[in-house]
2 protein chains.
Amino acid sequence: MSQPATAAVLIIGDEILSGRTADTNIVSLARFLTALGIDLKEARVVGDDPAAIIGALNALRAVHDHVFTTGGIGPTHDDITADCVAEAFGVALREHTEALAILERRYGDELNAARRRMARVPEGGKLITNPVTDAPGFQIGNVFVLAGVPKIMTAMLDDVATRLTPGRVVAARTLRITGVGEGTVAEALAEVARAWRQLSLGSYPFGLGTGEFGTQLVVRGRDRAAVDAAVAELAEALAAQGVEAVEV
Amino acid sequence: MSQPATAAVLIIGDEILSGRTADTNIVSLARFLTALGIDLKEARVVGDDPAAIIGALNALRAVHDHVFTTGGIGPTHDDITADCVAEAFGVALREHTEALAILERRYGDELNAARRRMARVPEGGKLITNPVTDAPGFQIGNVFVLAGVPKIMTAMLDDVATRLTPGRVVAARTLRITGVGEGTVAEALAEVARAWRQLSLGSYPFGLGTGEFGTQLVVRGRDRAAVDAAVAELAEALAAQGVEAVEV
């Protein structure tokens with residue numbers, strides 16, 4: 001069986017690092033990729049700084065099958081992602097005929113020089129459809145350049161999805177135990193994890209510091225039969241401790 | 001004037017990359033640091049993978065004044081942050097006397113081997129108080145190792161704050177224009193940005209694709225007088241275009 005495809009996300013924007021805006025694009029992209037059976041391995045957030053953007057992009061695209069950037073493709077002076085991607089790839093940034101036509105249709109007489117910047121695409125780039133505000137993203141090589149506004153970013157994923165080869169999706173099952181801290185079941189969990197090294201077993205407490213606390217135990221893996229067997233073993237080990245687990 | 005201190009954040013956990021959990025620690029840390037006048041320059045998210053954690057930690061701590069990690073310090077087998085930090089620093093991971101005493105007080109008879117793992121601290125590390133569930137974080141060198149559960153992570157920041165030297169806080173002012181896209185005001189904004197290169201001017205659209213759209217223009221910088229002057233110039237340039245701006 002071939003290795004699952006890997007991906008990285010690069011979030012671009014001073015507003016995330018200043019705390020002005022809470023990022024939601026990482027989790028949206030994580031869920032999108034997980035549903036396609038692609039493993040998100042890393043996410044990075046950098047500011048509107050060419051050296052930081054180019055450095056991170058080149059580091060990520062060298063080691064992952066796919067890289068998704070968000071942010072910095074609007075019409076203002078601080079929108080420098082296209083410039084940085086072109087520089088990272090060592091290609092020219094050119095006005096893209098089709099992108100310009102899209103912007104002309106949308107803006108008509110209001111297509112000023114600033115908005116026209118959004119037609120600039122690194123040479124060899126292929127447009128990504130934006131069904132919300134029309135100004136396209138683009139793909140070059142293994143890099144997908146998406147808008148930062150979450151509503152537009154997620155809408156662009158419809159087009160992106162058609163260009164990705166889905167892999168075998170990771171199966172995940174979750175057991176919830178209430179009123180029991182993760183330390184109480186850690187040894188049982190570790191024992192099952194040792195027996196099933198090809199799976200990922202995680203423990204996630206909830207309600208800590210309140211009366212409604214507990215733990216969610218998650219078993220993940222591409223081999224559904226193995227996941228099922230590990231969950232059965234885990235449930236049995238928990239029952240032997242007198243801990244009641246409910247699948248959620 | 002000395003350079004502002006810089007910081008990086010390293011979020012650790014498979015659950016963020018799988019999309020199971022939406023991270024909120026980046027924005028919390030961003031706001032905490034911004035309030036202290038410390039510049040958050042980069043954030044990364046990696047999974048529960050020693051090579052990824054150690055690699056990212058060493059890259060970040062080499063170039064930033066402070067690094068804040070979140071996640072992976074609980075009692076279960078997938079909590080490997082302390083091990084990775086010790087390895088990154090090339091020091092031993094030892095049971096910390098004070099940490100053990102804290103856990104003994106909290107858990108009493110329920111302090112099993114798994115929970116006792118939470119007393120392990122890299123040699124030279126100094127504990128960080130956890131007022132929610134007691135199990136401490138720790139600081140070693142310029143690295144602060146915090147819990148992943150947001151309620152605990154943010155509570156730990158009270159102790160962390162006492163160890164950081166506040167810098168001059170960035171002043172930020174925001175002008176909101178309604179019913180006007182950012183492309184319409186991009187040239188005015190760029191002109192002010194060119195005149196004030198020591199400031200950061202950003203443009204953030206809202207309500208795109210709806211009838212209630214508009215743009216927020218943000219001017220940021222440590223020199224408050226410069227920020228005020230730039231905002232005045234920007235407001236004047238907008239008024240000259242017939243665009244009404246409201247400070248928010």
# chains A, B, ... in the order shown; residues from 1 in each chain; ligands from 1

$ select_by_dssp --residues "region 71-116 of chain A" --states "alpha helix (DSSP H)" --output "PyMOL selection string"
chain A and resi 81-89+97-107+113-116

$ write_last_selection --atoms "N, CA and C atoms" --output "PDB file, in the first residue's frame"
ATOM      1  N   THR A  81       1.232  37.904  -1.083  1.00  0.00           N
ATOM      2  CA  THR A  81       1.441  36.462  -1.212  1.00  0.00           C
ATOM      3  C   THR A  81       1.844  36.064  -2.632  1.00  0.00           C
ATOM      4  N   ALA A  82       1.169  36.605  -3.649  1.00  0.00           N
ATOM      5  CA  ALA A  82       1.496  36.217  -5.033  1.00  0.00           C
ATOM      6  C   ALA A  82       2.953  36.575  -5.355  1.00  0.00           C
ATOM      7  N   ASP A  83       3.374  37.759  -4.932  1.00  0.00           N
ATOM      8  CA  ASP A  83       4.767  38.177  -5.149  1.00  0.00           C
ATOM      9  C   ASP A  83       5.721  37.173  -4.504  1.00  0.00           C
ATOM     10  N   CYS A  84       5.399  36.780  -3.268  1.00  0.00           N
ATOM     11  CA  CYS A  84       6.294  35.877  -2.529  1.00  0.00           C
ATOM     12  C   CYS A  84       6.315  34.476  -3.132  1.00  0.00           C
ATOM     13  N   VAL A  85       5.159  34.006  -3.592  1.00  0.00           N
ATOM     14  CA  VAL A  85       5.115  32.667  -4.201  1.00  0.00           C
ATOM     15  C   VAL A  85       5.938  32.674  -5.490  1.00  0.00           C
ATOM     16  N   ALA A  86       5.792  33.728  -6.273  1.00  0.00           N
ATOM     17  CA  ALA A  86       6.580  33.824  -7.512  1.00  0.00           C
ATOM     18  C   ALA A  86       8.075  33.790  -7.187  1.00  0.00           C
ATOM     19  N   GLU A  87       8.453  34.546  -6.173  1.00  0.00           N
ATOM     20  CA  GLU A  87       9.872  34.587  -5.811  1.00  0.00           C
ATOM     21  C   GLU A  87      10.335  33.225  -5.284  1.00  0.00           C
ATOM     22  N   ALA A  88       9.503  32.574  -4.487  1.00  0.00           N
ATOM     23  CA  ALA A  88       9.863  31.247  -3.961  1.00  0.00           C
ATOM     24  C   ALA A  88      10.085  30.249  -5.089  1.00  0.00           C
ATOM     25  N   PHE A  89       9.260  30.345  -6.136  1.00  0.00           N
ATOM     26  CA  PHE A  89       9.387  29.420  -7.267  1.00  0.00           C
ATOM     27  C   PHE A  89      10.404  29.913  -8.303  1.00  0.00           C
ATOM     28  N   THR A  97      -4.416  36.397 -18.111  1.00  0.00           N
ATOM     29  CA  THR A  97      -5.495  36.853 -18.999  1.00  0.00           C
ATOM     30  C   THR A  97      -6.874  36.473 -18.475  1.00  0.00           C
ATOM     31  N   GLU A  98      -7.008  35.237 -18.058  1.00  0.00           N
ATOM     32  CA  GLU A  98      -8.310  34.754 -17.596  1.00  0.00           C
ATOM     33  C   GLU A  98      -8.693  35.441 -16.278  1.00  0.00           C
ATOM     34  N   ALA A  99      -7.697  35.610 -15.400  1.00  0.00           N
ATOM     35  CA  ALA A  99      -7.978  36.288 -14.121  1.00  0.00           C
ATOM     36  C   ALA A  99      -8.426  37.730 -14.379  1.00  0.00           C
ATOM     37  N   LEU A 100      -7.755  38.390 -15.320  1.00  0.00           N
ATOM     38  CA  LEU A 100      -8.125  39.768 -15.634  1.00  0.00           C
ATOM     39  C   LEU A 100      -9.543  39.838 -16.188  1.00  0.00           C
ATOM     40  N   ALA A 101      -9.901  38.878 -17.039  1.00  0.00           N
ATOM     41  CA  ALA A 101     -11.255  38.857 -17.601  1.00  0.00           C
ATOM     42  C   ALA A 101     -12.297  38.680 -16.495  1.00  0.00           C
ATOM     43  N   ILE A 102     -11.987  37.820 -15.527  1.00  0.00           N
ATOM     44  CA  ILE A 102     -12.900  37.603 -14.390  1.00  0.00           C
ATOM     45  C   ILE A 102     -13.105  38.909 -13.623  1.00  0.00           C
ATOM     46  N   LEU A 103     -11.995  39.621 -13.368  1.00  0.00           N
ATOM     47  CA  LEU A 103     -12.079  40.868 -12.603  1.00  0.00           C
ATOM     48  C   LEU A 103     -12.814  41.949 -13.408  1.00  0.00           C
ATOM     49  N   GLU A 104     -12.606  41.967 -14.736  1.00  0.00           N
ATOM     50  CA  GLU A 104     -13.311  42.950 -15.583  1.00  0.00           C
ATOM     51  C   GLU A 104     -14.811  42.719 -15.538  1.00  0.00           C
ATOM     52  N   ARG A 105     -15.191  41.435 -15.576  1.00  0.00           N
ATOM     53  CA  ARG A 105     -16.623  41.131 -15.501  1.00  0.00           C
ATOM     54  C   ARG A 105     -17.195  41.557 -14.153  1.00  0.00           C
ATOM     55  N   ARG A 106     -16.448  41.319 -13.103  1.00  0.00           N
ATOM     56  CA  ARG A 106     -16.998  41.635 -11.776  1.00  0.00           C
ATOM     57  C   ARG A 106     -17.046  43.142 -11.510  1.00  0.00           C
ATOM     58  N   TYR A 107     -15.951  43.821 -11.846  1.00  0.00           N
ATOM     59  CA  TYR A 107     -15.823  45.205 -11.386  1.00  0.00           C
ATOM     60  C   TYR A 107     -16.174  46.254 -12.438  1.00  0.00           C
ATOM     61  N   ALA A 113      -6.382  50.174 -10.472  1.00  0.00           N
ATOM     62  CA  ALA A 113      -5.051  49.534 -10.458  1.00  0.00           C
ATOM     63  C   ALA A 113      -4.906  48.577  -9.280  1.00  0.00           C
ATOM     64  N   ALA A 114      -5.468  48.958  -8.127  1.00  0.00           N
ATOM     65  CA  ALA A 114      -5.337  48.117  -6.935  1.00  0.00           C
ATOM     66  C   ALA A 114      -6.038  46.767  -7.165  1.00  0.00           C
ATOM     67  N   ARG A 115      -7.272  46.818  -7.654  1.00  0.00           N
ATOM     68  CA  ARG A 115      -7.998  45.554  -7.882  1.00  0.00           C
ATOM     69  C   ARG A 115      -7.321  44.729  -8.967  1.00  0.00           C
ATOM     70  N   ARG A 116      -6.729  45.399  -9.929  1.00  0.00           N
ATOM     71  CA  ARG A 116      -6.053  44.697 -11.021  1.00  0.00           C
ATOM     72  C   ARG A 116      -4.860  43.879 -10.518  1.00  0.00           C
TER      73      ARG A 116
END

$ residues_around --residues "Met153 (chain B)" --least-positions-apart "5" --cutoff "10 Å" --atoms "only C-alpha atoms" --output "number ranges by chain"
B: 25, 28-29, 69-71, 130, 132, 137, 145-148, 158

$ write_last_selection --atoms "N, CA and C atoms" --output "mmCIF file, in the first residue's frame"
data_model
loop_
_atom_site.group_PDB
_atom_site.id
_atom_site.type_symbol
_atom_site.label_atom_id
_atom_site.label_comp_id
_atom_site.auth_asym_id
_atom_site.auth_seq_id
_atom_site.Cartn_x
_atom_site.Cartn_y
_atom_site.Cartn_z
ATOM 1 N N ASN B 25 -5.399 28.327 21.242
ATOM 2 C CA ASN B 25 -4.237 28.788 22.010
ATOM 3 C C ASN B 25 -3.407 29.819 21.248
ATOM 4 N N SER B 28 -5.015 33.185 21.878
ATOM 5 C CA SER B 28 -4.851 33.577 23.285
ATOM 6 C C SER B 28 -3.429 34.053 23.559
ATOM 7 N N LEU B 29 -2.463 33.300 23.068
ATOM 8 C CA LEU B 29 -1.064 33.685 23.270
ATOM 9 C C LEU B 29 -0.743 34.965 22.502
ATOM 10 N N THR B 69 5.281 26.613 24.146
ATOM 11 C CA THR B 69 4.662 25.408 23.600
ATOM 12 C C THR B 69 3.367 25.143 24.354
ATOM 13 N N THR B 70 2.405 24.527 23.667
ATOM 14 C CA THR B 70 1.186 24.078 24.340
ATOM 15 C C THR B 70 0.937 22.630 23.954
ATOM 16 N N GLY B 71 0.509 21.840 24.942
ATOM 17 C CA GLY B 71 0.078 20.470 24.666
ATOM 18 C C GLY B 71 1.124 19.428 24.985
ATOM 19 N N ASN B 130 0.090 25.841 37.824
ATOM 20 C CA ASN B 130 -1.187 25.498 37.189
ATOM 21 C C ASN B 130 -2.281 25.593 38.242
ATOM 22 N N VAL B 132 -5.419 25.404 37.921
ATOM 23 C CA VAL B 132 -6.660 24.688 37.598
ATOM 24 C C VAL B 132 -6.582 23.236 38.046
ATOM 25 N N GLY B 137 3.377 23.273 34.501
ATOM 26 C CA GLY B 137 4.200 23.400 33.314
ATOM 27 C C GLY B 137 5.614 23.689 33.760
ATOM 28 N N VAL B 145 6.793 25.816 28.658
ATOM 29 C CA VAL B 145 6.046 24.614 28.271
ATOM 30 C C VAL B 145 4.716 24.609 29.021
ATOM 31 N N LEU B 146 3.637 24.787 28.273
ATOM 32 C CA LEU B 146 2.304 24.997 28.848
ATOM 33 C C LEU B 146 1.365 23.864 28.474
ATOM 34 N N ALA B 147 0.279 23.750 29.223
ATOM 35 C CA ALA B 147 -0.733 22.739 28.941
ATOM 36 C C ALA B 147 -1.438 23.042 27.615
ATOM 37 N N GLY B 148 -2.081 22.026 27.060
ATOM 38 C CA GLY B 148 -2.823 22.212 25.819
ATOM 39 C C GLY B 148 -4.270 22.610 26.049
ATOM 40 N N ASP B 158 -0.622 33.603 34.010
ATOM 41 C CA ASP B 158 -0.427 34.511 35.145
ATOM 42 C C ASP B 158 0.985 34.370 35.704
#

$ interface_residues --of "chain B" --to "chain A" --cutoff "7 Å" --atoms "only C-alpha atoms" --output "tab-separated table (two decimals) with C-alpha atoms, in the first residue's frame"
chain	number	residue	atom	x	y	z
B	17	LEU	CA	-3.87	18.50	12.70
B	18	SER	CA	-6.66	15.93	12.32
B	19	GLY	CA	-9.26	18.67	12.76
B	22	ALA	CA	-10.03	23.74	16.80
B	27	VAL	CA	-4.99	33.64	19.47
B	30	ALA	CA	-1.07	36.33	20.52
B	31	ARG	CA	-3.26	38.63	22.62
B	34	THR	CA	0.62	41.85	22.22
B	40	LEU	CA	4.68	37.20	18.10
B	41	LYS	CA	6.54	36.41	14.87
B	42	GLU	CA	5.54	32.85	14.08
B	43	ALA	CA	3.31	30.00	15.17
B	44	ARG	CA	3.63	26.35	14.23
B	45	VAL	CA	1.44	23.33	14.77
B	46	VAL	CA	3.00	19.85	14.82
B	47	GLY	CA	1.69	16.42	15.76
B	75	PRO	CA	-0.25	11.68	32.05
B	76	THR	CA	-0.84	9.53	28.96
B	77	HIS	CA	1.56	7.77	26.61
B	78	ASP	CA	0.98	10.36	23.87
B	114	ALA	CA	1.02	7.52	34.78
B	115	ARG	CA	0.23	10.66	36.79
B	132	VAL	CA	-6.66	24.69	37.60
B	133	THR	CA	-5.45	21.09	37.93
B	182	GLU	CA	-11.00	47.50	0.07
B	183	GLY	CA	-10.06	47.88	-3.59
B	186	ALA	CA	-6.39	50.60	-1.58
B	187	GLU	CA	-4.52	53.43	-3.28
B	190	ALA	CA	-0.95	52.50	0.10
B	202	GLY	CA	-3.61	46.59	7.18
B	203	SER	CA	-6.90	46.18	5.36
B	209	GLY	CA	-20.53	38.29	-0.56

$ atom_distance --atom1 "CA of Glu236 (chain B)" --atom2 "CA of Val180 (chain B)"
16.0 Å

$ select_by_dssp --residues "region 86-151 of chain B" --states "strand (DSSP E or B)" --output "PyMOL selection string"
chain B and resi 93-95+120-122+126-130+134-140+143-146

$ write_last_selection --atoms "C-alpha atoms" --output "PDB file, in the first residue's frame"
ATOM      1  CA  LEU B  93      14.525  14.404  32.118  1.00  0.00           C
ATOM      2  CA  ARG B  94      14.253  13.980  35.899  1.00  0.00           C
ATOM      3  CA  GLU B  95      11.520  13.721  38.461  1.00  0.00           C
ATOM      4  CA  ARG B 120       9.243  14.833  35.020  1.00  0.00           C
ATOM      5  CA  VAL B 121      11.009  18.084  34.106  1.00  0.00           C
ATOM      6  CA  PRO B 122      14.117  18.625  31.984  1.00  0.00           C
ATOM      7  CA  LYS B 126      11.619  25.848  36.641  1.00  0.00           C
ATOM      8  CA  LEU B 127       7.980  25.016  37.346  1.00  0.00           C
ATOM      9  CA  ILE B 128       5.059  27.062  36.027  1.00  0.00           C
ATOM     10  CA  THR B 129       2.046  27.166  38.332  1.00  0.00           C
ATOM     11  CA  ASN B 130      -1.187  25.498  37.189  1.00  0.00           C
ATOM     12  CA  ASP B 134      -2.128  21.637  39.760  1.00  0.00           C
ATOM     13  CA  ALA B 135       0.139  19.572  37.452  1.00  0.00           C
ATOM     14  CA  PRO B 136       2.719  22.221  36.563  1.00  0.00           C
ATOM     15  CA  GLY B 137       4.200  23.400  33.314  1.00  0.00           C
ATOM     16  CA  PHE B 138       7.839  24.398  33.224  1.00  0.00           C
ATOM     17  CA  GLN B 139      10.290  26.896  31.820  1.00  0.00           C
ATOM     18  CA  ILE B 140      13.727  25.966  30.558  1.00  0.00           C
ATOM     19  CA  VAL B 143      11.075  28.008  26.351  1.00  0.00           C
ATOM     20  CA  PHE B 144       7.799  27.985  28.303  1.00  0.00           C
ATOM     21  CA  VAL B 145       6.046  24.614  28.271  1.00  0.00           C
ATOM     22  CA  LEU B 146       2.304  24.997  28.848  1.00  0.00           C
TER      23      LEU B 146
END

$ closest_residue --among "B:Gly242, B:Gly211, B:Gly179, B:Gly141" --to "Phe68 (chain B)" --atoms "only C-alpha atoms"
B:Gly141

$ closest_residue --among "A:His96, A:Ala51, A:Val243, A:Ala7" --to "His64 (chain A)" --atoms "only C-alpha atoms"
A:Ala7

$ decode --residues "region 7-55 of chain B" --atoms "C-alpha atoms" --output "compact mmCIF listing (two decimals), in the first residue's frame"
# COMPACT_ATOMS: atom_id res chain seq x y z
CA ALA B 7 8.26 35.25 20.37
CA ALA B 8 7.09 32.08 18.67
CA VAL B 9 4.35 29.61 19.55
CA LEU B 10 4.53 25.85 19.04
CA ILE B 11 1.20 24.02 19.27
CA ILE B 12 1.66 20.29 19.80
CA GLY B 13 -1.03 17.70 19.17
CA ASP B 14 -2.40 15.25 16.60
CA GLU B 15 -5.90 16.44 17.48
CA ILE B 16 -5.27 19.88 15.97
CA LEU B 17 -3.87 18.50 12.70
CA SER B 18 -6.66 15.93 12.32
CA GLY B 19 -9.26 18.67 12.76
CA ARG B 20 -10.75 17.00 15.82
CA THR B 21 -10.01 20.10 17.90
CA ALA B 22 -10.03 23.74 16.80
CA ASP B 23 -6.98 25.47 18.27
CA THR B 24 -7.65 28.57 20.35
CA ASN B 25 -4.24 28.79 22.01
CA ILE B 26 -2.60 30.72 19.16
CA VAL B 27 -4.99 33.64 19.47
CA SER B 28 -4.85 33.58 23.29
CA LEU B 29 -1.06 33.68 23.27
CA ALA B 30 -1.07 36.33 20.52
CA ARG B 31 -3.26 38.63 22.62
CA PHE B 32 -1.25 37.94 25.78
CA LEU B 33 2.02 38.81 24.04
CA THR B 34 0.62 41.85 22.22
CA ALA B 35 -0.58 43.23 25.56
CA LEU B 36 2.96 42.83 26.91
CA GLY B 37 4.54 44.60 23.95
CA ILE B 38 6.21 41.39 22.73
CA ASP B 39 6.03 40.64 18.99
CA LEU B 40 4.68 37.20 18.10
CA LYS B 41 6.54 36.41 14.87
CA GLU B 42 5.54 32.85 14.08
CA ALA B 43 3.31 30.00 15.17
CA ARG B 44 3.63 26.35 14.23
CA VAL B 45 1.44 23.33 14.77
CA VAL B 46 3.00 19.85 14.82
CA GLY B 47 1.69 16.42 15.76
CA ASP B 48 2.70 14.05 18.55
CA ASP B 49 5.89 13.16 16.70
CA PRO B 50 9.28 13.52 18.45
CA ALA B 51 11.26 14.50 15.34
CA ALA B 52 8.70 17.16 14.39
CA ILE B 53 8.52 18.58 17.92
CA ILE B 54 12.28 18.65 18.47
CA GLY B 55 13.00 20.06 15.03
